[in-house]
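upload_30.txt follows (compact mmCIF, C-alpha atoms):
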# COMPACT_ATOMS: atom_id res chain seq x y z
CA MET A 6 13.84 13.54 -9.51
CA ALA A 7 12.44 13.42 -13.02
CA THR A 8 9.21 11.96 -14.31
CA ASP A 9 8.28 11.00 -17.83
CA PRO A 10 5.06 12.19 -19.50
CA LEU A 11 3.18 9.28 -17.89
CA ASN A 12 4.07 10.39 -14.35
CA PHE A 13 6.51 7.54 -13.75
CA HIS A 14 9.63 8.16 -11.68
CA GLU A 15 13.19 8.32 -12.92
CA PHE A 16 15.81 8.62 -10.18
CA MET A 17 19.12 9.97 -11.45
CA PRO A 18 22.43 9.81 -9.49
CA GLU A 19 22.01 13.34 -8.10
CA ASP A 20 18.80 12.17 -6.37
CA VAL A 21 19.48 8.50 -5.67
CA TRP A 22 21.82 9.22 -2.74
CA LYS A 23 19.11 11.37 -1.17
CA TRP A 24 16.55 8.58 -1.53
CA LYS A 25 18.98 6.10 0.01
CA LEU A 26 19.63 8.48 2.90
CA LEU A 27 15.89 8.93 3.46
CA GLU A 28 15.23 5.18 3.36
CA GLN A 29 18.15 4.43 5.71
CA GLN A 30 16.83 6.94 8.23
CA LEU A 31 13.36 5.40 8.07
CA ASP A 32 14.73 1.84 8.30
CA GLY A 33 16.81 2.76 11.36
CA VAL A 34 13.87 4.16 13.33
CA LEU A 35 11.57 1.28 12.37
CA ALA A 36 14.14 -1.38 13.32
CA MET A 37 14.57 0.29 16.71
CA HIS A 38 10.83 -0.19 17.30
CA ASP A 39 10.88 -3.89 16.28
CA TYR A 40 9.20 -3.42 12.90
CA GLU A 41 10.35 -5.90 10.25
CA GLU A 42 10.63 -5.00 6.59
CA ILE A 43 8.63 -7.04 4.09
CA ARG A 44 8.82 -6.89 0.29
CA LEU A 45 5.49 -6.86 -1.52
CA SER A 46 5.03 -7.74 -5.17
CA VAL A 47 4.31 -4.82 -7.47
CA LEU A 48 1.92 -7.14 -9.32
CA GLN A 49 -1.38 -7.85 -7.60
CA ASP A 50 -4.19 -10.25 -8.43
CA TYR A 51 -6.95 -8.02 -9.81
CA ARG A 52 -9.82 -9.86 -8.11
CA VAL A 53 -8.10 -10.05 -4.70
CA LEU A 54 -7.27 -6.37 -4.93
CA ARG A 55 -10.78 -5.43 -6.05
CA ASP A 56 -12.42 -7.45 -3.26
CA GLY A 57 -10.08 -5.92 -0.68
CA ILE A 58 -10.34 -2.23 -1.50
CA THR A 59 -14.13 -2.40 -1.99
CA ALA A 60 -14.80 -4.57 1.06
CA LEU A 61 -16.75 -1.82 2.85
CA MET A 62 -17.85 0.12 -0.21
CA HIS A 63 -20.91 -0.17 -2.37
CA GLY A 64 -22.30 1.02 -5.67
CA ARG A 65 -20.76 3.83 -7.66
CA LYS A 66 -17.96 4.61 -5.21
CA ALA A 67 -16.70 1.02 -5.29
CA GLU A 68 -16.63 1.17 -9.07
CA GLU A 69 -14.66 4.44 -8.99
CA VAL A 70 -12.02 3.04 -6.63
CA VAL A 71 -11.57 -0.09 -8.75
CA ASP A 72 -11.41 2.05 -11.88
CA ASN A 73 -8.46 3.98 -10.37
CA THR A 74 -6.28 0.86 -10.28
CA LEU A 75 -3.85 0.23 -13.13
CA ASN A 76 -4.57 -3.10 -14.81
CA LEU A 77 -2.27 -4.82 -17.26
CA SER A 78 -5.25 -5.73 -19.45
CA GLN A 79 -8.98 -5.20 -19.51
CA PRO A 80 -11.15 -7.15 -17.02
CA ASP A 81 -12.25 -10.53 -18.33
CA ASN A 82 -14.54 -13.00 -16.61
CA ASP A 83 -12.49 -16.01 -17.64
CA ILE A 84 -9.01 -15.11 -16.42
CA SER A 85 -7.40 -13.74 -13.29
CA LEU A 86 -5.89 -10.38 -14.19
CA LEU A 87 -2.90 -8.55 -12.79
CA SER A 88 -2.93 -5.00 -11.48
CA LEU A 89 -0.14 -2.71 -10.29
CA ARG A 90 -0.42 -2.30 -6.53
CA PRO A 91 -2.24 0.88 -5.41
CA GLU A 92 -1.45 0.28 -1.71
CA GLY A 93 -0.02 -2.42 0.55
CA THR A 94 -2.56 -3.11 3.30
CA ILE A 95 -4.54 -5.72 1.35
CA SER A 96 -1.42 -7.79 0.61
CA VAL A 97 -0.21 -7.52 4.21
CA LEU A 98 -3.54 -8.77 5.57
CA HIS A 99 -3.60 -11.75 3.19
CA HIS A 100 -0.03 -12.66 4.14
CA THR A 101 -0.68 -12.29 7.87
CA ALA A 102 -3.90 -14.33 7.70
CA ARG A 103 -1.86 -17.34 6.54
CA ILE A 104 0.45 -17.22 9.56
CA TYR A 105 -1.61 -15.49 12.24
CA LYS A 106 -2.48 -17.12 15.56
CA LYS A 107 -4.63 -15.33 18.11
CA GLY A 108 -2.51 -13.47 20.64
CA GLU A 109 0.40 -12.90 18.25
CA ILE A 110 1.57 -9.40 17.33
CA HIS A 111 3.08 -8.72 13.91
CA ARG A 112 4.86 -5.46 13.13
CA PHE A 113 5.58 -4.95 9.42
CA TYR A 114 6.67 -2.13 7.15
CA TYR A 115 7.35 -1.70 3.45
CA HIS A 116 8.27 1.09 1.08
CA GLY A 117 8.42 1.44 -2.66
CA PRO A 118 6.40 2.38 -5.73
CA MET A 119 2.60 2.36 -5.80
CA PHE A 120 0.40 2.99 -8.83
CA ARG A 121 -2.97 4.63 -9.35
CA LYS A 122 -4.70 6.99 -11.75
CA ASP A 123 -4.49 10.71 -11.01
CA LYS A 124 -7.39 13.19 -11.02
CA ASN A 125 -7.13 13.34 -14.82
CA HIS A 126 -7.38 9.54 -14.96
CA GLN A 127 -3.79 9.22 -16.17
CA PRO A 128 -1.38 6.52 -14.87
CA MET A 129 0.64 7.74 -11.89
CA GLU A 130 3.50 6.28 -9.85
CA PHE A 131 4.21 7.43 -6.31
CA TYR A 132 6.52 6.24 -3.53
CA GLN A 133 5.02 5.37 -0.18
CA LEU A 134 6.01 3.96 3.22
CA GLY A 135 3.46 1.67 4.85
CA VAL A 136 3.53 0.59 8.50
CA GLU A 137 1.15 -2.05 9.90
CA MET A 138 0.70 -3.44 13.41
CA LEU A 139 -1.51 -6.53 13.41
CA GLY A 140 -2.96 -8.59 16.25
CA SER A 141 -3.77 -5.99 18.90
CA ASP A 142 -6.95 -4.00 19.55
CA SER A 143 -5.54 -2.14 22.56
CA ILE A 144 -5.21 1.61 23.03
CA LEU A 145 -1.50 1.00 23.56
CA SER A 146 -1.10 -0.31 20.00
CA GLU A 147 -2.79 2.77 18.52
CA ASN A 148 -0.59 5.12 20.52
CA GLU A 149 2.50 3.10 19.61
CA VAL A 150 1.73 3.41 15.91
CA ILE A 151 0.79 7.10 16.04
CA SER A 152 3.91 7.94 18.06
CA LEU A 153 6.06 5.96 15.64
CA GLY A 154 4.74 8.05 12.75
CA ILE A 155 5.64 11.24 14.62
CA LYS A 156 9.13 9.90 15.38
CA LEU A 157 9.68 8.94 11.74
CA CYS A 158 8.77 12.42 10.56
CA GLU A 159 10.99 14.04 13.18
CA GLY A 160 13.82 11.61 12.47
CA ILE A 161 14.00 12.56 8.79
CA GLY A 162 14.02 16.28 9.54
CA LEU A 163 10.34 17.25 9.74
CA GLY A 164 10.48 18.43 13.34
CA ASP A 165 7.43 20.67 12.92
CA VAL A 166 5.07 17.75 12.28
CA SER A 167 1.75 17.88 14.09
CA LEU A 168 -1.11 15.44 14.48
CA LYS A 169 -4.77 15.60 13.54
CA LEU A 170 -7.06 13.13 15.28
CA ASN A 171 -10.60 11.91 14.85
CA SER A 172 -12.65 8.85 15.72
CA TYR A 173 -14.96 7.07 13.29
CA GLY A 174 -16.49 5.04 16.12
CA CYS A 175 -17.54 1.42 15.93
CA GLU A 176 -20.28 -0.26 13.89
CA GLU A 177 -22.73 0.18 16.73
CA CYS A 178 -22.32 3.89 17.46
CA ARG A 179 -22.08 4.87 13.77
CA GLN A 180 -25.63 3.75 12.96
CA SER A 181 -27.26 6.90 14.41
CA TYR A 182 -24.63 9.11 12.81
CA PHE A 183 -25.16 7.57 9.37
CA ALA A 184 -28.93 7.94 9.69
CA ASP A 185 -28.70 11.62 10.67
CA LEU A 186 -26.11 12.32 7.98
CA LYS A 187 -28.33 10.75 5.32
CA ALA A 188 -31.17 12.97 6.47
CA TYR A 189 -28.87 16.01 6.38
CA LEU A 190 -27.76 15.20 2.83
CA ASP A 191 -31.38 14.73 1.73
CA ASP A 192 -32.31 18.12 3.25
CA HIS A 193 -29.35 19.88 1.57
CA SER A 194 -29.23 17.92 -1.68
CA ALA A 195 -29.43 21.10 -3.76
CA ALA A 196 -25.98 22.15 -2.47
CA TYR A 197 -24.31 18.93 -3.66
CA CYS A 198 -23.66 17.37 -7.04
CA THR A 199 -25.16 13.94 -7.68
CA ALA A 200 -21.79 12.16 -7.41
CA CYS A 201 -21.00 13.66 -3.98
CA ILE A 202 -24.47 12.81 -2.65
CA GLU A 203 -23.96 9.18 -3.67
CA ASN A 204 -20.36 9.00 -2.45
CA LEU A 205 -21.01 10.61 0.94
CA LYS A 206 -23.97 8.37 1.60
CA THR A 207 -21.72 5.39 0.89
CA ASN A 208 -18.69 6.67 2.82
CA PRO A 209 -19.48 9.73 4.99
CA PHE A 210 -15.80 10.05 5.90
CA GLU A 211 -14.61 10.53 2.33
CA ASP A 212 -12.69 13.46 0.92
CA THR A 213 -14.60 13.54 -2.37
CA ARG A 214 -12.11 15.81 -4.19
CA CYS A 215 -15.03 17.12 -6.21
CA LEU A 216 -14.10 19.79 -8.76
CA ASP A 217 -17.61 21.19 -9.26
CA PRO A 218 -17.45 24.81 -7.95
CA LYS A 219 -21.18 24.76 -7.18
CA CYS A 220 -20.88 21.66 -4.98
CA VAL A 221 -20.26 21.87 -1.20
CA HIS A 222 -18.04 18.74 -1.55
CA ASP A 223 -18.05 17.64 2.10
CA VAL A 224 -20.20 17.45 5.23
CA SER A 225 -18.25 19.91 7.40
CA LYS A 226 -21.50 21.72 8.25
CA GLY A 227 -23.37 18.53 8.94
CA PRO A 228 -23.43 16.27 12.01
CA GLN A 229 -20.13 15.46 13.73
CA ILE A 230 -19.20 11.81 14.30
CA THR A 231 -17.54 12.67 17.63
CA LYS A 232 -20.96 13.56 19.07
CA TYR A 233 -22.30 10.09 18.27
CA LEU A 234 -19.57 7.98 19.86
CA CYS A 235 -20.70 5.24 22.22
CA PRO A 236 -19.27 5.33 25.78
CA LYS A 237 -16.51 2.82 24.91
CA CYS A 238 -15.38 4.65 21.74
CA LYS A 239 -15.59 8.01 23.52
CA ASP A 240 -13.46 6.72 26.41
CA ASN A 241 -10.90 5.22 24.01
CA PHE A 242 -10.65 8.51 22.11
CA GLN A 243 -10.11 10.43 25.35
CA LYS A 244 -7.28 8.06 26.27
CA ILE A 245 -5.65 8.51 22.87
CA LYS A 246 -5.67 12.30 23.25
CA LYS A 247 -4.39 12.15 26.83
CA ILE A 248 -1.47 9.86 25.98
CA GLN A 249 -0.46 11.91 22.94
CA ALA A 250 -0.56 15.08 25.06
CA ASN A 251 1.59 13.45 27.75
CA LEU A 252 4.09 12.40 25.09
CA GLY A 253 4.43 16.06 24.09
CA HIS A 254 3.04 15.64 20.58
CA ARG A 255 1.26 18.61 19.05
CA TYR A 256 -2.24 17.56 18.07
CA GLY A 257 -5.70 18.86 17.29
CA VAL A 258 -9.05 17.13 16.99
CA ASP A 259 -10.63 17.44 13.57
CA PRO A 260 -14.18 16.02 13.59
CA TYR A 261 -14.17 16.25 9.79
CA LEU A 262 -10.93 14.42 9.15
CA PHE A 263 -11.79 12.43 6.03
CA LYS A 264 -10.34 9.27 4.52
CA ASN A 265 -10.88 7.92 1.01
CA PHE A 266 -10.98 4.30 2.14
CA ALA A 267 -14.10 3.17 3.98
CA TYR A 268 -12.47 0.41 6.05
CA TYR A 269 -11.34 2.50 9.06
CA ASN A 270 -12.98 2.33 12.51
CA GLU A 271 -12.37 4.25 15.74
CA THR A 272 -9.09 6.23 15.72
CA VAL A 273 -7.96 7.90 12.48
CA PHE A 274 -5.17 10.43 12.12
CA ASP A 275 -3.09 12.57 9.77
CA PHE A 276 0.50 13.82 10.00
CA VAL A 277 0.56 17.48 8.98
CA ILE A 278 3.34 19.92 8.02
CA ARG A 279 3.18 23.67 7.45
CA HIS A 280 5.18 24.38 4.30
CA GLY A 281 5.14 27.14 1.72
CA GLY A 282 2.28 28.87 3.48
CA SER A 283 0.05 25.78 3.25
CA GLU A 284 -0.92 22.87 5.43
CA ILE A 285 0.30 19.65 3.81
CA ILE A 286 -0.72 16.12 4.81
CA VAL A 287 2.41 13.96 4.55
CA GLY A 288 0.78 10.79 5.82
CA GLY A 289 -1.92 9.28 7.99
CA GLY A 290 -3.84 6.17 8.87
CA GLY A 291 -5.98 4.58 11.52
CA ARG A 292 -7.46 1.42 12.93
CA TYR A 293 -9.07 -1.10 10.55
CA ASP A 294 -10.31 -4.05 12.63
CA TYR A 295 -13.15 -5.07 10.31
CA LEU A 296 -11.25 -5.36 7.05
CA SER A 297 -9.35 -8.61 7.56
CA GLU A 298 -12.44 -10.64 8.42
CA LEU A 299 -14.20 -9.44 5.28
CA ILE A 300 -11.36 -10.30 2.89
CA THR A 301 -9.58 -13.22 4.64
CA ASN A 302 -12.33 -14.72 6.89
CA LYS A 303 -9.95 -14.34 9.81
CA LYS A 304 -10.46 -11.56 12.37
CA ILE A 305 -7.18 -9.70 12.87
CA PRO A 306 -7.32 -6.35 14.69
CA ALA A 307 -4.96 -3.91 13.00
CA VAL A 308 -3.75 -0.33 12.93
CA GLY A 309 -1.35 1.31 10.49
CA PHE A 310 -0.37 4.36 8.52
CA TYR A 311 1.29 5.55 5.34
CA ILE A 312 3.79 8.32 4.63
CA ASN A 313 3.88 9.82 1.13
CA LEU A 314 7.62 9.71 0.41
CA ASP A 315 7.31 11.84 -2.73
CA THR A 316 5.77 14.65 -0.68
CA VAL A 317 8.37 14.24 2.06
CA PHE A 318 11.22 14.22 -0.47
CA HIS A 319 9.92 17.43 -2.08
CA ILE A 320 9.63 19.23 1.28
CA LEU A 321 13.10 18.13 2.41
CA GLU A 322 14.55 19.27 -0.93
CA GLU A 323 13.02 22.73 -0.58
CA ARG A 324 14.16 23.00 3.04
CA GLY A 325 17.70 21.88 2.26
CA GLY A 326 17.23 18.86 4.47
CA PHE A 327 19.57 16.59 2.54
CA GLY A 328 22.67 18.80 2.72
CA THR A 329 25.34 17.96 0.16
CA SER A 330 26.54 14.60 -1.07
CA THR A 331 29.78 13.40 0.49
CA LYS A 332 31.53 10.90 -1.76
CA SER A 333 33.81 8.27 -0.37
CA PHE A 334 37.55 8.22 -0.96
CA SER A 335 38.23 7.20 -4.54
CA VAL A 336 41.13 6.82 -6.96
CA TYR A 337 41.06 7.71 -10.67
CA ILE A 338 43.09 5.33 -12.84
CA SER A 339 44.13 6.53 -16.27
CA SER A 340 46.53 5.49 -18.99
CA GLN A 341 48.39 7.49 -21.61
CA SER A 342 49.70 4.44 -23.38
CA PRO A 343 47.74 1.96 -25.50
CA GLU A 344 47.36 -1.68 -24.47
CA MET A 345 47.50 -0.87 -20.74
CA GLU A 346 43.96 -2.13 -20.03
CA MET A 347 45.23 -5.19 -18.16
CA MET A 348 47.44 -3.06 -15.94
CA MET A 349 44.59 -0.62 -15.18
CA LEU A 350 42.20 -3.43 -14.28
CA GLN A 351 44.82 -5.21 -12.18
CA ILE A 352 45.49 -2.06 -10.13
CA ALA A 353 41.74 -1.50 -9.74
CA HIS A 354 41.32 -5.11 -8.56
CA GLU A 355 44.02 -4.67 -5.90
CA LEU A 356 42.41 -1.42 -4.70
CA HIS A 357 38.98 -3.07 -4.58
CA SER A 358 40.43 -5.81 -2.36
CA GLN A 359 41.13 -3.03 0.15
CA ARG A 360 37.59 -1.64 -0.31
CA ILE A 361 38.85 1.43 -2.14
CA ARG A 362 36.54 2.92 -4.76
CA THR A 363 38.02 3.39 -8.24
CA VAL A 364 37.09 5.27 -11.40
CA ILE A 365 38.74 4.03 -14.60
CA GLY A 366 39.43 6.45 -17.44
CA ALA A 367 37.74 4.96 -20.48
CA GLU A 368 39.95 6.48 -23.16
CA ILE A 369 43.47 7.77 -23.74
CA THR A 370 43.59 11.54 -23.62
CA SER A 371 45.72 14.38 -22.28
CA THR A 372 46.78 14.59 -18.64
CA GLU A 373 44.89 17.88 -18.26
CA LYS A 374 41.61 16.31 -19.41
CA GLU A 375 42.10 13.32 -17.16
CA LEU A 376 42.80 15.57 -14.17
CA SER A 377 39.62 17.49 -14.92
CA ARG A 378 37.58 14.29 -15.12
CA ALA A 379 39.09 12.97 -11.89
CA ARG A 380 38.18 16.16 -10.04
CA LYS A 381 34.69 16.15 -11.51
CA LYS A 382 34.25 12.62 -10.18
CA GLY A 383 35.38 13.76 -6.73
CA CYS A 384 38.49 11.55 -6.70
CA ALA A 385 41.22 12.29 -4.18
CA LEU A 386 44.05 10.61 -6.11
CA MET A 387 44.86 9.91 -9.74
CA ILE A 388 47.11 7.09 -10.92
CA LEU A 389 48.69 7.80 -14.29
CA ILE A 390 50.08 4.84 -16.26
CA ARG A 391 52.66 5.35 -19.00
CA GLU A 392 54.41 2.55 -20.86
CA GLU A 393 57.89 3.98 -20.23
CA ASN A 394 57.17 4.23 -16.49
CA ILE A 395 55.89 0.66 -16.33
CA ARG A 396 59.14 -0.57 -17.89
CA GLU A 397 60.89 1.16 -14.99
CA GLY A 398 58.52 -0.51 -12.50
CA LYS A 399 56.60 2.59 -11.39
CA ILE A 400 53.48 4.73 -11.90
CA LEU A 401 52.75 8.43 -11.29
CA LEU A 402 50.51 9.12 -8.27
CA ASN A 403 48.87 12.55 -8.24
CA ASN A 404 47.37 13.81 -4.95
CA LEU A 405 44.60 16.09 -6.23
CA GLY A 406 43.84 17.60 -2.85
CA LYS A 407 47.40 18.63 -2.09
CA GLU A 408 48.34 19.18 -5.74
CA HIS A 409 51.38 16.97 -5.27
CA GLN A 410 52.61 14.13 -7.45
CA GLU A 411 55.28 11.47 -7.07
CA TYR A 412 56.43 8.25 -8.66
CA VAL A 413 55.52 5.07 -6.78
CA ALA A 414 56.91 1.57 -7.29
CA LEU A 415 54.40 -0.93 -8.68
CA ASP A 416 54.67 -3.13 -5.61
CA HIS A 417 53.99 -0.14 -3.28
CA ILE A 418 50.83 1.29 -4.93
CA ILE A 419 48.40 0.03 -2.29
CA GLU A 420 50.63 1.21 0.54
CA ALA A 421 51.02 4.67 -1.01
CA VAL A 422 47.27 5.02 -1.60
CA GLN A 423 46.45 4.00 1.98
CA ILE A 424 48.98 6.47 3.38
CA ALA A 425 47.46 9.25 1.24
CA ARG A 426 43.95 8.32 2.39
CA LYS A 427 45.00 8.43 6.02
CA ALA A 428 46.69 11.81 5.53
CA LEU A 429 43.50 13.16 3.91
CA ASN A 430 41.42 11.68 6.73
CA MET A 431 39.01 10.10 4.24
CA GLU A 432 37.21 6.77 4.30
Represent the structure from my file as structure tokens, please.
Amino acid sequence: MATDPLNFHEFMPEDVWKWKLLEQQLDGVLAMHDYEEIRLSVLQDYRVLRDGITALMHGRKAEEVVDNTLNLSQPDNDISLLSLRPEGTISVLHHTARIYKKGEIHRFYYHGPMFRKDKNHQPMEFYQLGVEMLGSDSILSENEVISLGIKLCEGIGLGDVSLKLNSYGCEECRQSYFADLKAYLDDHSAAYCTACIENLKTNPFEDTRCLDPKCVHDVSKGPQITKYLCPKCKDNFQKIKKIQANLGHRYGVDPYLFKNFAYYNETVFDFVIRHGGSEIIVGGGGRYDYLSELITNKKIPAVGFYINLDTVFHILEERGGFGTSTKSFSVYISSQSPEMEMMMLQIAHELHSQRIRTVIGAEITSTEKELSRARKKGCALMILIREENIREGKILLNNLGKEHQEYVALDHIIEAVQIARKALNME
């Protein structure tokens, strides 16, 4: 997989089959769990996007998040601008709000390119899977979604995936935590840079990604949200852990599991892999019951997660998880006589009618070069057309696997190719 200097993807043939395999594996697992694929526009309304991703943010942090979106032009008060999508949840909530009726459950997923600015503030494209379950506030729905994420990772070859869990509580039980955290930050302000102080007071659950070596960056030595949970949130969190343990999923509780979006409540989680001597987060998510009401005026309980497909692809590549490409049975068609284009295309058309893949030699050259090209393309057979043979009503069929060639009558080409395919046991 190549990227240009602007961090945009270019998928060449040697990688495309791997991406298709990965997507097919994901699609298969999701379909089995009754999740329906939706296609989201890459273009997003700037104001809708801004209002959505800053719904529970304030001040400087909200400005930073908006500034990390990629806009097609500079903000202007008189027109509605377009941005490249940085995530999919906002669009899914707006779509669901138009069709949602209380008591309904909607299970959606989507995958494709997302766009943001990287830590150097440069445009960046990344591929992501998003899974959303909307309409249920039950513990069952959270466990369904978490377990689905584990199954997806295992299904694509990441059998060593483990789970990190935390609870952000509800609006009621977070009030005391926020108050104590603010006091902690005030008491330890000398250990933090100004930006982190502001950001953590706005969103205490944020991974600030601060690069200042003198800054503590996070609140891992401060108060723990899990000690402030109200009885209901504490009981729900206990049930989550119990069910995940009974399902045999490896998990650990991380009271300082941070998220960069402030819209999560209660259960949050990460999917973690050990790779190359490091712990890598390949995805994660949580419950976000408050977000829909703020941006759509319709209360829709929801839980979902993302998987970073670029990260997953890189890990699978390094682990040899894709194996080798197996090309389908194909026939190379070449000519050593001019003005045989019609004959070549006619034979190709007849083979296509039998769902047989063909590769057409684009120029007249020696038999040795054509054989080399046919092998390079992975073709099992090569049809060689010569004018003198056509006058005699035949072509030369070369079986590249068995290194055998024979003349075949024009009206028996399809039959001869099918017999050769069956003998080679190829489809």
For the contact check between stretch 28-68 of chain A and stretch 308-331 of chain A, emit one row per residue of stretch 28-68 of chain A within 12 Å, containing the shortest atom pair and the distance in Å rounded to one decimal, counting all atoms listed in the file, chain then rising number order, as a Markdown table.
| residue | atom | partner | partner_atom | distance |
| --- | --- | --- | --- | --- |
| A:Glu28 | CA | A:Leu314 | CA | 9.3 |
| A:Gln30 | CA | A:Phe327 | CA | 11.5 |
| A:Leu31 | CA | A:Leu314 | CA | 10.5 |
| A:Tyr40 | CA | A:Gly309 | CA | 11.8 |
Practice problem: Would you mind telling me which residue in A:Val224, A:Ala195, A:Leu134, A:Leu190 lies nearest to A:Gly290 when using only C-alpha atoms? | Solution: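 For A:Gly290, the nearest of the given residues is A:Leu134.
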Quiz item: Quick one: of A:Glu203, A:Glu137, A:Asp39, A:Glu408, who's nearest to A:Leu98, counting all atoms listed in the file?
Solution: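 Using all atoms listed in the file, the shortest distance to A:Leu98 belongs to A:Glu137.
A straight line drawn from atom CA of A:Lys232 to atom CA of A:Tyr197 is 23.6 Å long.
Within 6 Å of the file-frame point (-1.5, -7.1, 13.8), and using only C-alpha atoms, the polymer residues found are Ile110, His111, Met138, Leu139, Gly140, Ser141, Pro306 and Ala307 of chain A.
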Based on the selection just made, write C-alpha atoms of those residues as a compact mmCIF listing (two decimals), keeping the file's coordinate frame.
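Generated output (out27.txt):
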# COMPACT_ATOMS: atom_id res chain seq x y z
CA ILE A 110 1.57 -9.40 17.33
CA HIS A 111 3.08 -8.72 13.91
CA MET A 138 0.70 -3.44 13.41
CA LEU A 139 -1.51 -6.53 13.41
CA GLY A 140 -2.96 -8.59 16.25
CA SER A 141 -3.77 -5.99 18.90
CA PRO A 306 -7.32 -6.35 14.69
CA ALA A 307 -4.96 -3.91 13.00
Write out, as CSV, each residue of stretch 83-178 of chain A that has an atom at most 7 Å from stretch 253-268 of chain A, together with the closest pair of atoms and their distance in Å to one decimal, counting only C-alpha atoms, rows going by chain and rising number.
residue,atom,partner,partner_atom,distance
A:Ser167,CA,A:Arg255,CA,5.0
A:Leu168,CA,A:Tyr256,CA,4.3
A:Lys169,CA,A:Gly257,CA,5.1
A:Leu170,CA,A:Val258,CA,4.8
A:Asn171,CA,A:Pro260,CA,5.6
Take stretch 419-431 of chain A, model N, CA and C atoms, and hand the result over as a compact mmCIF listing (two decimals), in the coordinates of the input.
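Result file is rebuild13.txt:
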# COMPACT_ATOMS: atom_id res chain seq x y z
N ILE A 419 49.43 0.11 -3.33
CA ILE A 419 48.40 0.03 -2.29
C ILE A 419 48.84 0.76 -1.03
N GLU A 420 50.09 0.55 -0.66
CA GLU A 420 50.63 1.21 0.54
C GLU A 420 50.59 2.72 0.39
N ALA A 421 50.99 3.23 -0.78
CA ALA A 421 51.02 4.67 -1.01
C ALA A 421 49.61 5.26 -1.00
N VAL A 422 48.65 4.54 -1.58
CA VAL A 422 47.27 5.02 -1.60
C VAL A 422 46.69 5.06 -0.18
N GLN A 423 46.97 4.04 0.61
CA GLN A 423 46.45 4.00 1.98
C GLN A 423 47.06 5.10 2.84
N ILE A 424 48.34 5.38 2.64
CA ILE A 424 48.98 6.47 3.38
C ILE A 424 48.33 7.81 3.00
N ALA A 425 48.09 8.00 1.70
CA ALA A 425 47.46 9.25 1.24
C ALA A 425 46.04 9.38 1.80
N ARG A 426 45.31 8.27 1.83
CA ARG A 426 43.95 8.32 2.39
C ARG A 426 43.97 8.69 3.87
N LYS A 427 44.90 8.11 4.60
CA LYS A 427 45.00 8.43 6.02
C LYS A 427 45.36 9.89 6.24
N ALA A 428 46.28 10.41 5.39
CA ALA A 428 46.69 11.81 5.53
C ALA A 428 45.53 12.76 5.21
N LEU A 429 44.67 12.34 4.28
CA LEU A 429 43.50 13.16 3.91
C LEU A 429 42.34 12.96 4.86
N ASN A 430 42.47 11.98 5.75
CA ASN A 430 41.42 11.68 6.73
C ASN A 430 40.09 11.36 6.01
N MET A 431 40.19 10.50 5.01
CA MET A 431 39.01 10.10 4.24
C MET A 431 38.81 8.60 4.31
